[in-house]
>>> print(open('entry12.txt').read())   # compact mmCIF, C-alpha atoms
# COMPACT_ATOMS: atom_id res chain seq x y z
CA MET A 1484 0.00 0.00 0.00
CA SER A 1485 1.38 3.41 -0.92
CA ALA A 1486 2.12 6.25 1.50
CA LYS A 1487 -0.37 8.34 -0.46
CA SER A 1488 -3.22 5.97 0.31
CA THR A 1489 -2.37 5.63 4.02
CA LEU A 1490 -1.43 9.23 4.87
CA GLY A 1491 -3.35 11.22 2.27
CA ARG A 1492 -0.20 12.84 0.87
CA SER A 1493 2.45 12.05 -1.71
CA PRO A 1494 5.81 10.82 -0.39
CA ALA A 1495 8.68 13.27 -0.83
CA PHE A 1496 11.16 10.67 -2.06
CA VAL A 1497 10.22 7.79 -4.34
CA TYR A 1498 11.95 5.31 -6.62
CA ARG A 1499 10.86 5.41 -10.24
CA LYS A 1500 12.35 4.50 -13.57
CA SER A 1501 14.04 7.23 -15.57
CA LYS A 1502 14.12 7.38 -19.35
CA GLY A 1503 16.92 5.24 -20.76
CA ARG A 1504 17.70 3.55 -17.43
CA HIS A 1505 16.90 -0.02 -16.47
CA ASN A 1506 16.93 0.33 -12.68
CA PRO A 1507 14.68 2.73 -10.75
CA GLU A 1508 16.30 5.88 -9.40
CA LEU A 1509 15.53 7.82 -6.25
CA HIS A 1510 13.58 11.01 -6.99
CA CYS A 1511 12.63 14.02 -4.93
CA GLU A 1512 9.28 14.95 -6.42
CA ASN A 1513 10.06 14.85 -10.20
CA VAL A 1514 13.83 15.31 -10.01
CA THR A 1515 16.33 12.46 -9.81
CA LEU A 1516 18.83 12.77 -7.00
CA THR A 1517 21.54 11.48 -9.32
CA GLN A 1518 21.06 14.51 -11.57
CA LEU A 1519 21.07 16.86 -8.60
CA ALA A 1520 24.28 15.32 -7.25
CA LYS A 1521 26.01 15.69 -10.62
CA ARG A 1522 24.85 19.30 -10.96
CA MET A 1523 25.42 20.50 -7.38
CA GLY A 1524 28.07 18.12 -6.05
CA THR A 1525 28.05 16.18 -2.80
CA PRO A 1526 27.38 16.15 0.09
CA LEU A 1527 23.98 17.55 -0.84
CA TYR A 1528 20.90 18.24 1.27
CA VAL A 1529 17.61 17.97 -0.64
CA TYR A 1530 14.23 19.13 0.69
CA SER A 1531 10.77 18.72 -0.77
CA ALA A 1532 8.91 22.03 -1.00
CA ASN A 1533 5.65 20.20 -1.67
CA THR A 1534 6.01 18.17 1.53
CA ILE A 1535 6.65 21.34 3.54
CA ARG A 1536 3.54 22.93 2.03
CA GLN A 1537 1.46 19.84 2.79
CA ARG A 1538 2.66 19.59 6.40
CA LEU A 1539 1.85 23.25 7.05
CA LYS A 1540 -1.55 22.80 5.45
CA SER A 1541 -2.21 19.80 7.71
CA PHE A 1542 -1.42 21.81 10.84
CA ASP A 1543 -3.68 24.65 9.73
CA LYS A 1544 -6.49 22.24 8.95
CA ALA A 1545 -6.20 20.50 12.33
CA LEU A 1546 -6.51 23.84 14.15
CA ARG A 1547 -9.05 25.45 11.85
CA GLN A 1548 -11.71 25.73 14.57
CA VAL A 1549 -9.58 27.90 16.87
CA PRO A 1550 -7.59 31.10 16.28
CA HIS A 1551 -3.96 30.06 15.89
CA THR A 1552 -0.54 30.80 14.45
CA VAL A 1553 1.62 27.89 13.31
CA CYS A 1554 5.24 28.69 14.19
CA TYR A 1555 8.12 26.80 12.59
CA SER A 1556 11.02 26.06 14.94
CA VAL A 1557 13.99 27.72 13.26
CA LYS A 1558 16.46 25.65 15.28
CA ALA A 1559 15.19 22.57 13.42
CA ASN A 1560 16.55 23.89 10.12
CA SER A 1561 17.51 27.52 9.46
CA ASN A 1562 18.02 27.13 5.71
CA LEU A 1563 17.07 30.51 4.21
CA SER A 1564 15.22 29.00 1.27
CA ILE A 1565 13.01 27.01 3.64
CA LEU A 1566 12.40 30.09 5.79
CA ARG A 1567 11.45 32.12 2.70
CA LEU A 1568 9.05 29.41 1.57
CA LEU A 1569 7.37 29.22 4.97
CA ALA A 1570 7.14 33.00 5.26
CA LYS A 1571 5.52 33.16 1.83
CA LEU A 1572 2.97 30.60 3.02
CA GLY A 1573 2.11 32.81 6.00
CA CYS A 1574 3.83 30.67 8.61
CA GLY A 1575 5.09 32.05 11.91
CA PHE A 1576 8.50 31.30 13.43
CA ASP A 1577 9.79 30.17 16.83
CA VAL A 1578 13.32 31.43 17.52
CA VAL A 1579 15.63 30.88 20.49
CA SER A 1580 18.44 33.32 19.71
CA GLY A 1581 19.21 36.65 18.10
CA GLY A 1582 20.96 34.84 15.28
CA GLU A 1583 17.85 32.86 14.43
CA LEU A 1584 15.81 36.07 14.49
CA GLU A 1585 18.26 37.67 12.07
CA ARG A 1586 17.88 34.74 9.69
CA VAL A 1587 14.09 35.06 9.73
CA LEU A 1588 14.34 38.81 9.08
CA HIS A 1589 16.84 38.17 6.28
CA ALA A 1590 14.39 35.74 4.70
CA ASP A 1591 11.45 38.14 4.99
CA GLN A 1592 11.31 41.33 7.08
CA ARG A 1593 7.51 41.09 7.27
CA ALA A 1594 7.79 37.75 9.07
CA ALA A 1595 8.75 39.55 12.30
CA LYS A 1596 5.05 40.06 12.99
CA LYS A 1597 4.72 36.29 13.50
CA VAL A 1598 7.92 35.58 15.44
CA VAL A 1599 7.81 34.06 18.93
CA PHE A 1600 11.08 34.42 20.87
CA SER A 1601 11.48 31.39 23.16
CA GLY A 1602 14.39 29.84 25.00
CA VAL A 1603 16.37 30.47 28.16
CA GLY A 1604 19.21 32.95 28.53
CA LYS A 1605 17.96 35.75 26.27
CA THR A 1606 20.41 38.66 26.42
CA ALA A 1607 19.46 42.34 26.68
CA GLU A 1608 20.88 42.89 23.19
CA GLU A 1609 18.71 40.10 21.77
CA MET A 1610 15.66 41.51 23.51
CA ARG A 1611 16.30 44.99 22.13
CA SER A 1612 16.70 43.63 18.61
CA ALA A 1613 13.44 41.70 18.90
CA LEU A 1614 11.62 44.73 20.30
CA LYS A 1615 12.87 46.92 17.45
CA ALA A 1616 11.69 44.29 14.96
CA ASP A 1617 8.26 44.33 16.67
CA ILE A 1618 7.97 40.56 17.01
CA LEU A 1619 4.71 38.85 17.90
CA LEU A 1620 5.66 37.92 21.49
CA PHE A 1621 8.30 36.73 23.95
CA ASN A 1622 7.95 33.39 25.73
CA VAL A 1623 9.32 34.37 29.15
CA GLU A 1624 11.13 31.68 31.14
CA SER A 1625 11.71 33.34 34.54
CA GLU A 1626 11.02 36.32 36.76
CA SER A 1627 14.50 37.75 36.13
CA GLU A 1628 13.95 37.54 32.37
CA LEU A 1629 10.64 39.36 32.73
CA ASP A 1630 12.36 42.14 34.71
CA LEU A 1631 15.09 42.50 32.08
CA LEU A 1632 12.56 42.54 29.25
CA ALA A 1633 10.53 45.24 31.00
CA GLU A 1634 13.69 47.32 31.44
CA CYS A 1635 14.66 46.95 27.75
CA ALA A 1636 11.14 47.82 26.60
CA ALA A 1637 11.04 50.89 28.84
CA ARG A 1638 14.37 52.18 27.48
CA LEU A 1639 13.09 51.81 23.92
CA LYS A 1640 9.60 53.03 24.85
CA LYS A 1641 8.14 49.91 23.25
CA THR A 1642 5.56 47.45 24.50
CA ALA A 1643 6.68 43.84 24.75
CA ARG A 1644 3.98 41.22 24.27
CA VAL A 1645 4.69 38.32 26.61
CA ALA A 1646 3.53 34.80 27.39
CA LEU A 1647 4.82 32.86 30.37
CA ARG A 1648 6.35 29.48 29.76
CA VAL A 1649 4.95 27.43 32.64
CA ASN A 1650 6.67 24.33 33.96
CA PRO A 1651 3.85 21.98 35.06
CA ASP A 1652 6.20 19.52 36.82
CA VAL A 1653 4.78 16.67 34.75
CA SER A 1654 6.78 13.87 33.17
CA ALA A 1655 6.13 13.25 29.49
CA GLU A 1656 7.90 9.88 29.79
CA THR A 1657 10.20 10.71 26.92
CA HIS A 1658 13.99 10.51 26.56
CA PRO A 1659 15.64 12.10 29.62
CA TYR A 1660 18.00 14.19 27.48
CA ILE A 1661 15.13 16.06 25.81
CA SER A 1662 12.67 16.28 28.72
CA THR A 1663 11.70 19.80 29.82
CA GLY A 1664 8.48 19.43 31.81
CA LEU A 1665 9.76 18.54 35.29
CA HIS A 1666 10.77 21.02 37.99
CA LYS A 1667 14.32 19.62 38.04
CA HIS A 1668 14.79 20.62 34.39
CA LYS A 1669 14.54 24.31 35.33
CA PHE A 1670 12.77 25.33 32.12
CA GLY A 1671 9.95 27.82 32.51
CA VAL A 1672 8.20 29.35 35.49
CA PRO A 1673 7.18 26.91 38.26
CA ILE A 1674 3.44 26.42 38.03
CA GLN A 1675 2.99 27.55 41.65
CA GLN A 1676 4.52 30.96 40.82
CA ALA A 1677 2.91 31.51 37.43
CA GLN A 1678 -0.26 33.26 38.55
CA GLY A 1679 1.58 35.83 40.68
CA LEU A 1680 4.14 36.55 37.98
CA TYR A 1681 1.40 36.88 35.39
CA ALA A 1682 -0.29 39.47 37.60
CA VAL A 1683 2.98 41.42 37.81
CA ALA A 1684 3.35 41.35 34.03
CA ALA A 1685 -0.25 42.51 33.55
CA LYS A 1686 0.42 45.63 35.64
CA ALA A 1687 3.75 46.55 34.02
CA GLU A 1688 3.62 49.67 31.84
CA TYR A 1689 5.72 48.30 28.99
CA LEU A 1690 4.49 44.70 29.05
CA LYS A 1691 1.33 43.29 27.51
CA THR A 1692 0.29 39.79 28.53
CA ALA A 1693 -0.53 37.50 25.63
CA GLY A 1694 -1.06 34.09 27.15
CA VAL A 1695 0.57 31.07 28.76
CA SER A 1696 2.81 28.49 27.11
CA VAL A 1697 2.91 25.04 28.74
CA HIS A 1698 5.74 22.68 27.75
CA ILE A 1699 5.37 19.08 28.88
CA GLY A 1700 7.76 17.32 26.52
>>> encode(input="entry12.txt", output="structure tokens")
Amino acid sequence: MSAKSTLGRSPAFVYRKSKGRHNPELHCENVTLTQLAKRMGTPLYVYSANTIRQRLKSFDKALRQVPHTVCYSVKANSNLSILRLLAKLGCGFDVVSGGELERVLHADQRAAKKVVFSGVGKTAEEMRSALKADILLFNVESESELDLLAECAARLKKTARVALRVNPDVSAETHPYISTGLHKHKFGVPIQQAQGLYAVAAKAEYLKTAGVSVHIG
């Protein structure tokens, strides 16, 4: 049974016979990888634009009944061509550093409106750059980060939209090296402190609360 019949989408890479060749060759969409390797050299990374479009469409369809923004994690692959494609499709972006933000802005300046700045250890310089770019929001990881962000926003006379990343102290029973949801992992605001910190953010002159982000994985 084909992947198309089981998943409702065409596979990115398939074997098919090429003209003048006896054995099937591996293709990405309608292009043989042998031809690409000869033209571009190796090692060579090949991505399927159609698969990226289909995956984004699937996310949008699954969430169609609620207001949402699908944000691509730039740390997964910061290839500028992929970022440009996703920006053109209206996708948002999740960044965890100033460098990743710069790559998104280089791909499409207008994409800043859909950027979420996550991650621990944001520097004041990174915060200022994100504020100047007028990103969608900051996922705040701690009280000290919230204080620093408020200070940066006040100096620039800009309003920072913030969501608190809450640590629920729940095990996702996944690989220990990638777990982030337990208190011992020290990611996010402890759930017992979240409500008080959210109240502080709501009263701050240069902060605008935008929600809560819960990471269990």
>>> residues_around(input="entry12.txt", residues="Thr1517 in chain A", least_positions_apart="6", cutoff="9 Å", atoms="all atoms listed in the file", output="VMD selection string")
chain A and resid 1508 to 1510
>>> atom_distance(input="entry12.txt", atom1="CA of Leu1539 in chain A", atom2="CA of Lys1571 in chain A")
11.8 Å
>>> atom_distance(input="entry12.txt", atom1="CA of Gln1676 in chain A", atom2="CA of Gly1581 in chain A")
27.6 Å
>>> residues_around(input="entry12.txt", residues="Lys1605 in chain A", least_positions_apart="5", cutoff="8 Å", atoms="only C-alpha atoms", output="list in words")
Val1579, Ser1580, Met1610 and Glu1628 of chain A
>>> closest_residue(input="entry12.txt", among="A:Gly1671, A:Ala1682, A:Leu1572, A:Asp1591", to="Gly1604 in chain A", atoms="all atoms listed in the file")
A:Gly1671
>>> closest_residue(input="entry12.txt", among="A:Val1529, A:Leu1619, A:Leu1584, A:Leu1546", to="Ser1564 in chain A", atoms="all atoms listed in the file")
A:Val1529
>>> atom_distance(input="entry12.txt", atom1="CA of Tyr1530 in chain A", atom2="CA of Val1497 in chain A")
13.0 Å
>>> closest_residue(input="entry12.txt", among="A:Arg1644, A:Lys1558, A:His1505, A:Lys1521", to="Gly1582 in chain A", atoms="all atoms listed in the file")
A:Lys1558
>>> closest_residue(input="entry12.txt", among="A:Val1683, A:Val1587, A:Ala1636, A:Val1603", to="Asn1622 in chain A", atoms="all atoms listed in the file")
A:Val1603
>>> residues_around(input="entry12.txt", residues="range 1606-1609 of chain A", least_positions_apart="5", cutoff="12 Å", atoms="only C-alpha atoms", output="list in words")
Val1578, Val1579, Ser1580, Gly1581, Gly1582, Glu1583, Leu1584, Glu1585, Phe1600, Ser1601, Leu1614, Lys1615, Ala1616, Ile1618, Phe1621, Ser1627, Glu1628, Leu1629, Asp1630, Leu1631, Leu1632, Ala1633, Glu1634, Cys1635, Ala1636, Arg1638 and Leu1639 of chain A
>>> closest_residue(input="entry12.txt", among="A:Tyr1689, A:Val1623, A:Ser1612, A:Asp1617", to="Lys1640 in chain A", atoms="all atoms listed in the file")
A:Tyr1689
>>> closest_residue(input="entry12.txt", among="A:Ala1595, A:Ala1687, A:Ala1559, A:Leu1620", to="Ala1637 in chain A", atoms="only C-alpha atoms")
A:Ala1687
>>> residues_near_point(input="entry12.txt", point="(12.5, 25.5, 1.2)", cutoff="10 Å", atoms="all atoms listed in the file", output="PyMOL selection string")
chain A and resi 1529-1536+1560-1569
>>> decode(input="entry12.txt", residues="range 1531-1553 of chain A", atoms="N, CA, C and O atoms", output="PDB file, in the first residue's frame")
ATOM      1  N   SER A1531      11.950  18.699   0.080  1.00  0.00           N
ATOM      2  CA  SER A1531      10.769  18.721  -0.771  1.00  0.00           C
ATOM      3  C   SER A1531       9.872  19.890  -0.388  1.00  0.00           C
ATOM      4  O   SER A1531       9.281  19.907   0.694  1.00  0.00           O
ATOM      5  N   ALA A1532       9.768  20.871  -1.263  1.00  0.00           N
ATOM      6  CA  ALA A1532       8.912  22.030  -1.005  1.00  0.00           C
ATOM      7  C   ALA A1532       7.444  21.603  -0.887  1.00  0.00           C
ATOM      8  O   ALA A1532       6.701  22.131  -0.056  1.00  0.00           O
ATOM      9  N   ASN A1533       7.038  20.657  -1.721  1.00  0.00           N
ATOM     10  CA  ASN A1533       5.646  20.198  -1.669  1.00  0.00           C
ATOM     11  C   ASN A1533       5.313  19.556  -0.329  1.00  0.00           C
ATOM     12  O   ASN A1533       4.209  19.742   0.216  1.00  0.00           O
ATOM     13  N   THR A1534       6.245  18.790   0.229  1.00  0.00           N
ATOM     14  CA  THR A1534       6.009  18.167   1.531  1.00  0.00           C
ATOM     15  C   THR A1534       5.880  19.221   2.619  1.00  0.00           C
ATOM     16  O   THR A1534       5.025  19.131   3.500  1.00  0.00           O
ATOM     17  N   ILE A1535       6.727  20.255   2.560  1.00  0.00           N
ATOM     18  CA  ILE A1535       6.649  21.340   3.537  1.00  0.00           C
ATOM     19  C   ILE A1535       5.295  22.035   3.440  1.00  0.00           C
ATOM     20  O   ILE A1535       4.636  22.306   4.457  1.00  0.00           O
ATOM     21  N   ARG A1536       4.853  22.302   2.219  1.00  0.00           N
ATOM     22  CA  ARG A1536       3.536  22.934   2.033  1.00  0.00           C
ATOM     23  C   ARG A1536       2.425  22.062   2.602  1.00  0.00           C
ATOM     24  O   ARG A1536       1.503  22.545   3.257  1.00  0.00           O
ATOM     25  N   GLN A1537       2.503  20.762   2.343  1.00  0.00           N
ATOM     26  CA  GLN A1537       1.455  19.841   2.791  1.00  0.00           C
ATOM     27  C   GLN A1537       1.432  19.717   4.307  1.00  0.00           C
ATOM     28  O   GLN A1537       0.350  19.662   4.921  1.00  0.00           O
ATOM     29  N   ARG A1538       2.614  19.692   4.947  1.00  0.00           N
ATOM     30  CA  ARG A1538       2.663  19.593   6.405  1.00  0.00           C
ATOM     31  C   ARG A1538       2.066  20.843   7.050  1.00  0.00           C
ATOM     32  O   ARG A1538       1.328  20.760   8.032  1.00  0.00           O
ATOM     33  N   LEU A1539       2.408  22.008   6.508  1.00  0.00           N
ATOM     34  CA  LEU A1539       1.854  23.249   7.047  1.00  0.00           C
ATOM     35  C   LEU A1539       0.337  23.289   6.866  1.00  0.00           C
ATOM     36  O   LEU A1539      -0.406  23.681   7.782  1.00  0.00           O
ATOM     37  N   LYS A1540      -0.110  22.847   5.711  1.00  0.00           N
ATOM     38  CA  LYS A1540      -1.550  22.802   5.448  1.00  0.00           C
ATOM     39  C   LYS A1540      -2.256  21.869   6.422  1.00  0.00           C
ATOM     40  O   LYS A1540      -3.364  22.161   6.897  1.00  0.00           O
ATOM     41  N   SER A1541      -1.625  20.753   6.772  1.00  0.00           N
ATOM     42  CA  SER A1541      -2.212  19.796   7.713  1.00  0.00           C
ATOM     43  C   SER A1541      -2.359  20.400   9.101  1.00  0.00           C
ATOM     44  O   SER A1541      -3.373  20.216   9.779  1.00  0.00           O
ATOM     45  N   PHE A1542      -1.329  21.147   9.547  1.00  0.00           N
ATOM     46  CA  PHE A1542      -1.418  21.812  10.841  1.00  0.00           C
ATOM     47  C   PHE A1542      -2.552  22.831  10.846  1.00  0.00           C
ATOM     48  O   PHE A1542      -3.350  22.906  11.790  1.00  0.00           O
ATOM     49  N   ASP A1543      -2.621  23.638   9.810  1.00  0.00           N
ATOM     50  CA  ASP A1543      -3.677  24.649   9.734  1.00  0.00           C
ATOM     51  C   ASP A1543      -5.067  24.007   9.752  1.00  0.00           C
ATOM     52  O   ASP A1543      -5.985  24.497  10.412  1.00  0.00           O
ATOM     53  N   LYS A1544      -5.199  22.924   9.020  1.00  0.00           N
ATOM     54  CA  LYS A1544      -6.489  22.243   8.948  1.00  0.00           C
ATOM     55  C   LYS A1544      -6.883  21.665  10.309  1.00  0.00           C
ATOM     56  O   LYS A1544      -8.046  21.741  10.728  1.00  0.00           O
ATOM     57  N   ALA A1545      -5.908  21.098  11.025  1.00  0.00           N
ATOM     58  CA  ALA A1545      -6.198  20.495  12.325  1.00  0.00           C
ATOM     59  C   ALA A1545      -6.649  21.533  13.344  1.00  0.00           C
ATOM     60  O   ALA A1545      -7.412  21.228  14.260  1.00  0.00           O
ATOM     61  N   LEU A1546      -6.201  22.780  13.184  1.00  0.00           N
ATOM     62  CA  LEU A1546      -6.506  23.838  14.145  1.00  0.00           C
ATOM     63  C   LEU A1546      -7.524  24.844  13.622  1.00  0.00           C
ATOM     64  O   LEU A1546      -7.701  25.909  14.209  1.00  0.00           O
ATOM     65  N   ARG A1547      -8.203  24.480  12.539  1.00  0.00           N
ATOM     66  CA  ARG A1547      -9.048  25.450  11.849  1.00  0.00           C
ATOM     67  C   ARG A1547     -10.187  25.996  12.707  1.00  0.00           C
ATOM     68  O   ARG A1547     -10.703  27.079  12.432  1.00  0.00           O
ATOM     69  N   GLN A1548     -10.577  25.286  13.763  1.00  0.00           N
ATOM     70  CA  GLN A1548     -11.710  25.729  14.568  1.00  0.00           C
ATOM     71  C   GLN A1548     -11.324  26.694  15.680  1.00  0.00           C
ATOM     72  O   GLN A1548     -12.191  27.193  16.402  1.00  0.00           O
ATOM     73  N   VAL A1549     -10.028  26.964  15.836  1.00  0.00           N
ATOM     74  CA  VAL A1549      -9.582  27.899  16.872  1.00  0.00           C
ATOM     75  C   VAL A1549      -8.603  28.900  16.264  1.00  0.00           C
ATOM     76  O   VAL A1549      -7.859  28.567  15.326  1.00  0.00           O
ATOM     77  N   PRO A1550      -8.581  30.131  16.762  1.00  0.00           N
ATOM     78  CA  PRO A1550      -7.587  31.101  16.282  1.00  0.00           C
ATOM     79  C   PRO A1550      -6.185  30.575  16.612  1.00  0.00           C
ATOM     80  O   PRO A1550      -5.928  30.112  17.727  1.00  0.00           O
ATOM     81  N   HIS A1551      -5.280  30.629  15.661  1.00  0.00           N
ATOM     82  CA  HIS A1551      -3.956  30.060  15.888  1.00  0.00           C
ATOM     83  C   HIS A1551      -2.919  30.656  14.947  1.00  0.00           C
ATOM     84  O   HIS A1551      -3.257  31.267  13.933  1.00  0.00           O
ATOM     85  N   THR A1552      -1.673  30.471  15.317  1.00  0.00           N
ATOM     86  CA  THR A1552      -0.539  30.797  14.455  1.00  0.00           C
ATOM     87  C   THR A1552       0.412  29.617  14.496  1.00  0.00           C
ATOM     88  O   THR A1552       0.905  29.259  15.580  1.00  0.00           O
ATOM     89  N   VAL A1553       0.662  28.987  13.384  1.00  0.00           N
ATOM     90  CA  VAL A1553       1.622  27.889  13.314  1.00  0.00           C
ATOM     91  C   VAL A1553       3.014  28.494  13.217  1.00  0.00           C
ATOM     92  O   VAL A1553       3.307  29.274  12.306  1.00  0.00           O
TER      93      VAL A1553
END
